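Below is model_37.txt, which holds compact mmCIF, C-alpha atoms.
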# COMPACT_ATOMS: atom_id res chain seq x y z
CA MET B 49 193.92 97.08 60.37
CA ASN B 50 193.10 94.93 57.38
CA ASN B 51 189.69 95.98 56.27
CA LEU B 52 190.02 98.13 53.15
CA LEU B 53 190.35 95.28 50.70
CA THR B 54 187.14 93.40 49.98
CA PRO B 55 187.09 89.98 48.31
CA GLU B 56 185.76 91.75 45.18
CA ILE B 57 188.94 93.92 45.10
CA LYS B 58 191.27 90.99 45.81
CA ASP B 59 189.58 89.08 42.99
CA TRP B 60 191.40 91.37 40.52
CA ILE B 61 194.78 89.83 41.41
CA GLY B 62 196.03 87.80 38.45
CA ARG B 63 194.14 89.67 35.73
CA SER B 64 195.94 90.94 32.63
CA ASP B 65 194.90 93.46 30.04
CA THR B 66 195.13 93.33 26.27
CA PRO B 67 198.76 93.32 25.06
CA ILE B 68 199.80 96.65 23.55
CA PRO B 69 202.06 96.93 20.48
CA LEU B 70 204.80 99.56 20.72
CA GLU B 71 207.08 100.67 17.90
CA VAL B 72 210.28 102.25 19.22
CA SER B 73 211.39 105.41 17.41
CA ARG B 74 214.76 107.15 17.60
CA ARG B 75 213.06 110.48 18.12
CA ASP B 76 211.09 109.21 21.14
CA ILE B 77 214.34 107.93 22.70
CA GLN B 78 215.99 111.30 22.05
CA LYS B 79 213.08 113.17 23.66
CA TYR B 80 213.29 110.93 26.70
CA ALA B 81 217.07 111.39 26.86
CA ILE B 82 216.76 115.19 26.77
CA ALA B 83 213.95 115.34 29.36
CA THR B 84 215.98 113.16 31.77
CA GLU B 85 219.34 114.89 31.03
CA GLN B 86 221.10 111.72 29.90
CA ARG B 87 224.85 112.17 29.30
CA VAL B 88 225.67 108.80 27.70
CA GLU B 89 226.03 109.33 23.95
CA LYS B 90 224.20 106.19 22.77
CA TYR B 91 221.11 107.40 24.62
CA ARG B 92 221.45 111.03 23.46
CA ARG B 93 221.75 109.93 19.83
CA GLY B 94 218.79 107.58 20.28
CA ASP B 95 220.83 104.52 19.31
CA GLU B 96 219.62 102.68 22.41
CA ALA B 97 216.87 103.34 24.96
CA PRO B 98 217.89 104.28 28.54
CA PRO B 99 216.93 101.67 31.18
CA MET B 100 213.79 103.49 32.38
CA PHE B 101 212.57 104.45 28.89
CA LEU B 102 209.50 102.21 28.96
CA PHE B 103 208.19 103.48 32.30
CA ASN B 104 204.44 104.12 31.85
CA ALA B 105 204.64 102.96 28.23
CA HIS B 106 201.59 100.84 28.93
CA SER B 107 199.47 103.86 29.86
CA PRO B 108 196.19 103.65 27.94
CA LEU B 109 195.66 106.41 25.38
CA VAL B 110 192.21 107.81 26.10
CA ASP B 111 190.44 111.02 25.18
CA LEU B 112 190.79 114.03 27.47
CA ASP B 113 187.25 113.68 28.80
CA GLN B 114 188.22 110.22 30.06
CA LEU B 115 190.84 111.60 32.49
CA ARG B 116 190.13 111.67 36.23
CA PRO B 117 189.89 115.00 38.09
CA ASP B 118 193.53 114.52 39.22
CA GLY B 119 194.57 114.23 35.57
CA LEU B 120 195.31 110.52 35.63
CA THR B 121 193.91 108.00 33.18
CA VAL B 122 191.17 105.72 34.41
CA ASP B 123 193.00 102.40 34.61
CA ALA B 124 190.99 99.52 33.20
CA LEU B 125 193.22 97.08 35.10
CA LEU B 126 192.40 98.46 38.55
CA PRO B 127 189.34 97.84 40.74
CA GLU B 128 187.53 100.74 42.42
CA LEU B 129 189.59 101.36 45.59
CA PRO B 130 188.48 103.14 48.80
CA LEU B 131 191.64 105.34 48.63
CA LYS B 132 192.07 107.66 45.64
CA ARG B 133 195.32 109.63 45.85
CA VAL B 134 198.11 108.00 43.81
CA MET B 135 201.86 107.98 44.51
CA ALA B 136 204.73 106.16 42.79
CA GLY B 137 205.98 103.23 44.88
CA GLY B 138 208.99 101.87 43.05
CA VAL B 139 210.17 99.63 40.26
CA LYS B 140 212.19 96.48 39.69
CA ASN B 141 213.41 95.89 36.15
CA THR B 142 215.27 92.94 34.67
CA TYR B 143 216.91 93.48 31.29
CA HIS B 144 217.47 90.79 28.70
CA ARG B 145 218.49 92.75 25.63
CA PRO B 146 218.83 96.44 24.61
CA ILE B 147 215.88 98.34 23.12
CA ARG B 148 216.72 100.08 19.84
CA PRO B 149 214.94 102.24 17.25
CA GLY B 150 212.73 100.16 14.98
CA ASP B 151 212.03 97.50 17.61
CA GLN B 152 208.47 96.24 17.41
CA LEU B 153 207.60 95.37 21.00
CA VAL B 154 204.57 93.86 22.68
CA LEU B 155 203.76 94.97 26.25
CA THR B 156 201.63 92.73 28.47
CA ARG B 157 200.64 93.89 31.92
CA THR B 158 199.32 91.77 34.80
CA LEU B 159 198.00 92.96 38.16
CA THR B 160 199.95 90.67 40.49
CA ASP B 161 199.16 91.93 44.00
CA ILE B 162 196.97 94.26 46.07
CA TYR B 163 197.76 94.70 49.77
CA GLU B 164 197.45 97.29 52.50
CA LYS B 165 199.87 98.74 55.02
CA GLN B 166 199.72 101.35 57.75
CA GLY B 167 201.68 104.43 56.63
CA ARG B 168 202.97 107.40 58.66
CA SER B 169 199.79 109.35 57.99
CA GLY B 170 197.19 106.63 57.55
CA PRO B 171 196.37 103.48 55.62
CA LEU B 172 197.98 102.78 52.24
CA ILE B 173 197.00 100.37 49.48
CA PHE B 174 199.81 98.96 47.31
CA VAL B 175 199.03 97.68 43.81
CA THR B 176 201.71 95.72 41.96
CA TYR B 177 201.87 95.31 38.19
CA VAL B 178 204.23 93.16 36.16
CA MET B 179 204.82 94.33 32.60
CA ARG B 180 206.39 91.81 30.27
CA VAL B 181 208.09 93.30 27.20
CA GLU B 182 208.69 90.98 24.27
CA THR B 183 209.54 91.29 20.61
CA GLU B 184 206.82 90.38 18.12
CA ALA B 185 208.65 87.04 17.73
CA GLY B 186 208.22 86.40 21.46
CA GLU B 187 211.80 87.09 22.61
CA LEU B 188 211.83 88.47 26.18
CA VAL B 189 213.30 92.00 26.21
CA MET B 190 212.66 93.15 29.75
CA GLU B 191 210.32 92.69 32.67
CA GLU B 192 209.12 95.51 34.93
CA THR B 193 207.52 95.14 38.35
CA ARG B 194 205.94 98.44 39.36
CA LYS B 195 204.23 99.46 42.59
CA ARG B 196 201.58 102.17 42.83
CA ILE B 197 200.52 103.47 46.24
CA PHE B 198 197.01 104.73 47.02
CA ARG B 199 196.53 106.88 50.11
CA MET P 39 235.82 102.58 35.92
CA PRO P 40 234.29 99.19 36.69
CA SER P 41 236.46 96.09 36.68
CA ILE P 42 236.16 92.68 38.31
CA ASP P 43 239.01 93.74 40.62
CA ILE P 44 236.97 96.58 42.12
CA ALA P 45 236.70 96.53 45.92
CA VAL P 46 233.43 96.14 47.79
CA GLY P 47 232.62 99.50 49.36
CA THR P 48 233.97 101.55 46.43
CA ALA P 49 231.75 104.58 45.84
CA ILE P 50 230.59 105.46 42.33
CA GLU P 51 230.56 109.10 41.29
CA GLU P 52 227.54 111.04 42.54
CA ARG P 53 225.46 113.26 40.30
CA SER P 54 223.15 116.01 41.49
CA HIS P 55 219.85 117.04 39.88
CA HIS P 56 217.84 120.21 40.24
CA PRO P 57 214.66 119.76 38.16
CA SER P 58 212.97 122.86 36.76
CA MET P 59 209.29 123.39 35.94
CA VAL P 60 210.22 122.94 32.27
CA SER P 61 212.27 119.76 32.78
CA LEU P 62 209.46 118.21 34.85
CA PHE P 63 206.90 119.22 32.23
CA LEU P 64 208.95 117.60 29.46
CA TYR P 65 209.54 114.44 31.48
CA ASN P 66 205.83 114.01 32.20
CA ALA P 67 204.93 114.74 28.58
CA VAL P 68 207.44 112.15 27.37
CA ILE P 69 206.12 109.40 29.68
CA TRP P 70 202.51 110.52 29.01
CA ASN P 71 201.75 111.30 32.65
CA PRO P 72 198.98 113.90 33.09
CA HIS P 73 198.91 113.72 36.93
CA ARG P 74 198.36 117.33 38.02
CA ILE P 75 200.72 117.09 41.05
CA HIS P 76 203.59 117.53 38.56
CA PHE P 77 202.49 120.82 36.94
CA ASP P 78 199.43 122.38 38.66
CA GLU P 79 200.65 124.00 41.88
CA THR P 80 197.25 125.21 43.12
CA TYR P 81 195.72 121.76 42.68
CA THR P 82 198.79 120.05 44.18
CA THR P 83 198.87 122.09 47.38
CA GLN P 84 195.14 122.65 47.90
CA VAL P 85 193.61 119.34 46.81
CA GLU P 86 196.33 116.72 47.28
CA LYS P 87 197.93 118.70 50.16
CA HIS P 88 201.53 118.41 49.02
CA PRO P 89 203.87 121.27 50.03
CA GLY P 90 204.80 121.85 46.37
CA ILE P 91 205.01 120.44 42.86
CA VAL P 92 206.01 116.77 43.22
CA ILE P 93 209.16 115.45 41.53
CA ASP P 94 208.23 112.14 39.91
CA GLY P 95 209.27 108.92 41.66
CA PRO P 96 210.26 107.21 38.39
CA LEU P 97 212.42 110.21 37.44
CA GLN P 98 214.43 109.49 40.59
CA GLY P 99 214.59 105.88 39.41
CA ASP P 100 215.98 107.13 36.11
CA TRP P 101 218.67 109.11 37.95
CA LEU P 102 219.68 105.89 39.72
CA ALA P 103 219.94 104.15 36.35
CA GLN P 104 222.04 107.06 35.07
CA VAL P 105 224.68 106.94 37.81
CA VAL P 106 225.08 103.26 37.01
CA THR P 107 225.14 103.56 33.19
CA GLU P 108 227.56 106.53 33.33
CA TRP P 109 229.88 104.60 35.63
CA LEU P 110 229.54 101.45 33.53
CA SER P 111 230.20 103.22 30.20
CA ASP P 112 230.92 100.57 27.53
CA ASP P 113 232.39 98.07 30.00
CA GLY P 114 229.23 96.08 30.59
CA THR P 115 225.45 96.02 30.73
CA LEU P 116 222.77 96.67 33.33
CA VAL P 117 221.09 93.36 34.15
CA GLU P 118 218.75 94.33 36.95
CA MET P 119 217.74 97.44 38.84
CA GLU P 120 215.23 98.17 41.57
CA TYR P 121 214.35 101.10 43.78
CA SER P 122 211.68 102.10 46.23
CA ASN P 123 210.18 105.61 46.56
CA ARG P 124 210.12 106.12 50.35
CA ARG P 125 209.84 109.92 50.70
CA ALA P 126 208.55 112.60 48.36
CA CYS P 127 210.54 115.59 47.09
CA TYR P 128 209.43 118.85 45.55
CA LEU P 129 210.29 121.35 42.87
CA GLY P 130 213.13 123.57 44.09
CA GLU P 131 215.02 120.79 45.85
CA THR P 132 218.43 119.53 44.75
CA LEU P 133 218.78 115.76 44.87
CA ARG P 134 221.85 113.53 44.62
CA ALA P 135 222.11 110.09 43.07
CA GLY P 136 224.95 107.77 44.01
CA GLY P 137 225.93 104.36 45.28
CA THR P 138 228.58 101.90 46.38
CA VAL P 139 229.77 98.49 45.23
CA SER P 140 228.18 95.89 47.51
CA GLU P 141 229.24 92.60 45.92
CA VAL P 142 231.66 91.34 43.28
CA ASN P 143 231.04 87.92 41.77
CA ARG P 144 234.04 86.78 39.75
CA GLU P 145 232.35 83.57 38.58
CA THR P 146 229.43 85.33 36.92
CA GLY P 147 231.35 88.53 36.12
CA THR P 148 228.72 90.60 37.88
CA ILE P 149 228.93 93.53 40.28
CA SER P 150 226.12 94.53 42.64
CA LEU P 151 225.59 98.12 43.76
CA GLU P 152 223.58 99.72 46.54
CA LEU P 153 222.09 102.98 45.27
CA TYR P 154 220.45 106.05 46.77
CA ILE P 155 218.70 109.30 46.02
CA LYS P 156 219.34 111.78 48.85
CA ASN P 157 218.03 115.27 49.51
CA GLN P 158 219.97 118.26 50.88
CA ARG P 159 219.26 117.09 54.45
CA ASN P 160 221.01 113.81 53.54
CA GLU P 161 217.78 111.84 53.90
CA VAL P 162 217.45 108.83 51.60
CA LEU P 163 214.36 109.34 49.42
CA ALA P 164 214.79 106.30 47.23
CA PRO P 165 217.09 103.40 48.09
CA GLY P 166 217.93 101.09 45.19
CA ARG P 167 220.04 98.22 43.98
CA ALA P 168 221.53 97.27 40.63
CA ILE P 169 223.38 94.33 39.13
CA VAL P 170 225.71 94.88 36.17
CA LYS P 171 227.48 92.30 34.06
CA LEU P 172 230.94 93.16 32.77
CA SER P 173 231.58 92.52 29.10
Would you put the structure from the file into structure tokens?
Amino acid sequence: MNNLLTPEIKDWIGRSDTPIPLEVSRRDIQKYAIATEQRVEKYRRGDEAPPMFLFNAHSPLVDLDQLRPDGLTVDALLPELPLKRVMAGGVKNTYHRPIRPGDQLVLTRTLTDIYEKQGRSGPLIFVTYVMRVETEAGELVMEETRKRIFR
Amino acid sequence: MPSIDIAVGTAIEERSHHPSMVSLFLYNAVIWNPHRIHFDETYTTQVEKHPGIVIDGPLQGDWLAQVVTEWLSDDGTLVEMEYSNRRACYLGETLRAGGTVSEVNRETGTISLELYIKNQRNEVLAPGRAIVKLS
């Protein structure tokens, strides 16, 4: 069972999209800390961002009429796939320095893999993205590898 | 309290989570995630065929990070963390995050942990792993 992924789909592996600038605000950290029920004071005060703070930070900001019927944003860094339903697959993060209010970050995302597997209830397509987070000066802050599953 | 003398196999303190419709709404708003399976029950059950509103996979990842950062306190930093979402869970469930020390490296001053999110049936929904460096 290896027939869902055409050469045209596989050809997307290795592509990156335009780097996105992100200015970290104390208030955004505090909102994240409240929504996730953080108990560590430095996160609650917004002095430092919790480890998963930048999850989905690369999501494109598009108008409401650009959302898919399931609510999700049409991802410009994703080929048309034969499976449409999306599930979270997992994350691997490496941390190089803390993220603090006022940080001016640059987020660069690359599609690094597309592969298929047989799941419990049918075929699954896994798409892997690597997001590199740097300061404007080019210092590496963190790197996120994220898997999305299509079923 | 983490120290380089900690024994492999030591459990870190568990924390349980019981997300509400409001907490899930706020989480998805904060991460800018409009996927309807997290707030639109009719759509979720009838179109995507889930048994209920889906608790976000990355929120479970955050809970794994929290058991580690709470345990670590000011004694070190999180260097690396990974987890895999293996099973879904739904609004109304109570989940537990926890873990155990799996490796202590005195040369690098790092401790590795095996982590888990479990449901009330004790099934592992999201296994994970973290490496912390003591300061």
Report as a PyMOL selection string the set of chain P residues whose atoms approach chain B to within 10 Å, with distances computed over all atoms listed in the file. chain P and resi 55+57+60-75+78+81-82+85-86+92+94-105+107-109+111-112+115-126+164-169
Atom CA of Val106 of chain P to atom CA of Leu129 of chain P: how many Å, to one decimal?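 According to the coordinates, atom CA of Val106 of chain P and atom CA of Leu129 of chain P are separated by 24.1 Å.
For the residues P:Glu52, P:Glu141, P:Glu79, P:Asp113, ranking by smallest atom-to-atom distance to Ile155 of chain P using all atoms listed in the file places P:Glu52 first.
Atom CA of Ile162 of chain B lies 22.8 Å from atom CA of Ile68 of chain B.
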Would you kindly return, as a PyMOL selection string, each protein, DNA or RNA residue with an atom no farther than 12 Å from any atom of segment 143-145 of chain P, considering all atoms listed in the file and excluding same-chain residues fewer than 5 positions away? chain P and resi 41-46+150-151+169-172
With a distance cut-off of 12 Å and only C-alpha atoms, select the neighbouring residues of segment 152-157 of chain B, excluding the residue or stretch itself and same-chain residues fewer than 3 positions from it, and output the selection as a VMD selection string. chain B and resid 61 to 73 102 to 108 123 to 126 146 to 149 160 176 to 194
Length of the atom CA of Cys127 of chain P to atom CA of Ser169 of chain B vector [Å]: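 Spanning atom CA of Cys127 of chain P to atom CA of Ser169 of chain B is a straight-line distance of 16.5 Å.
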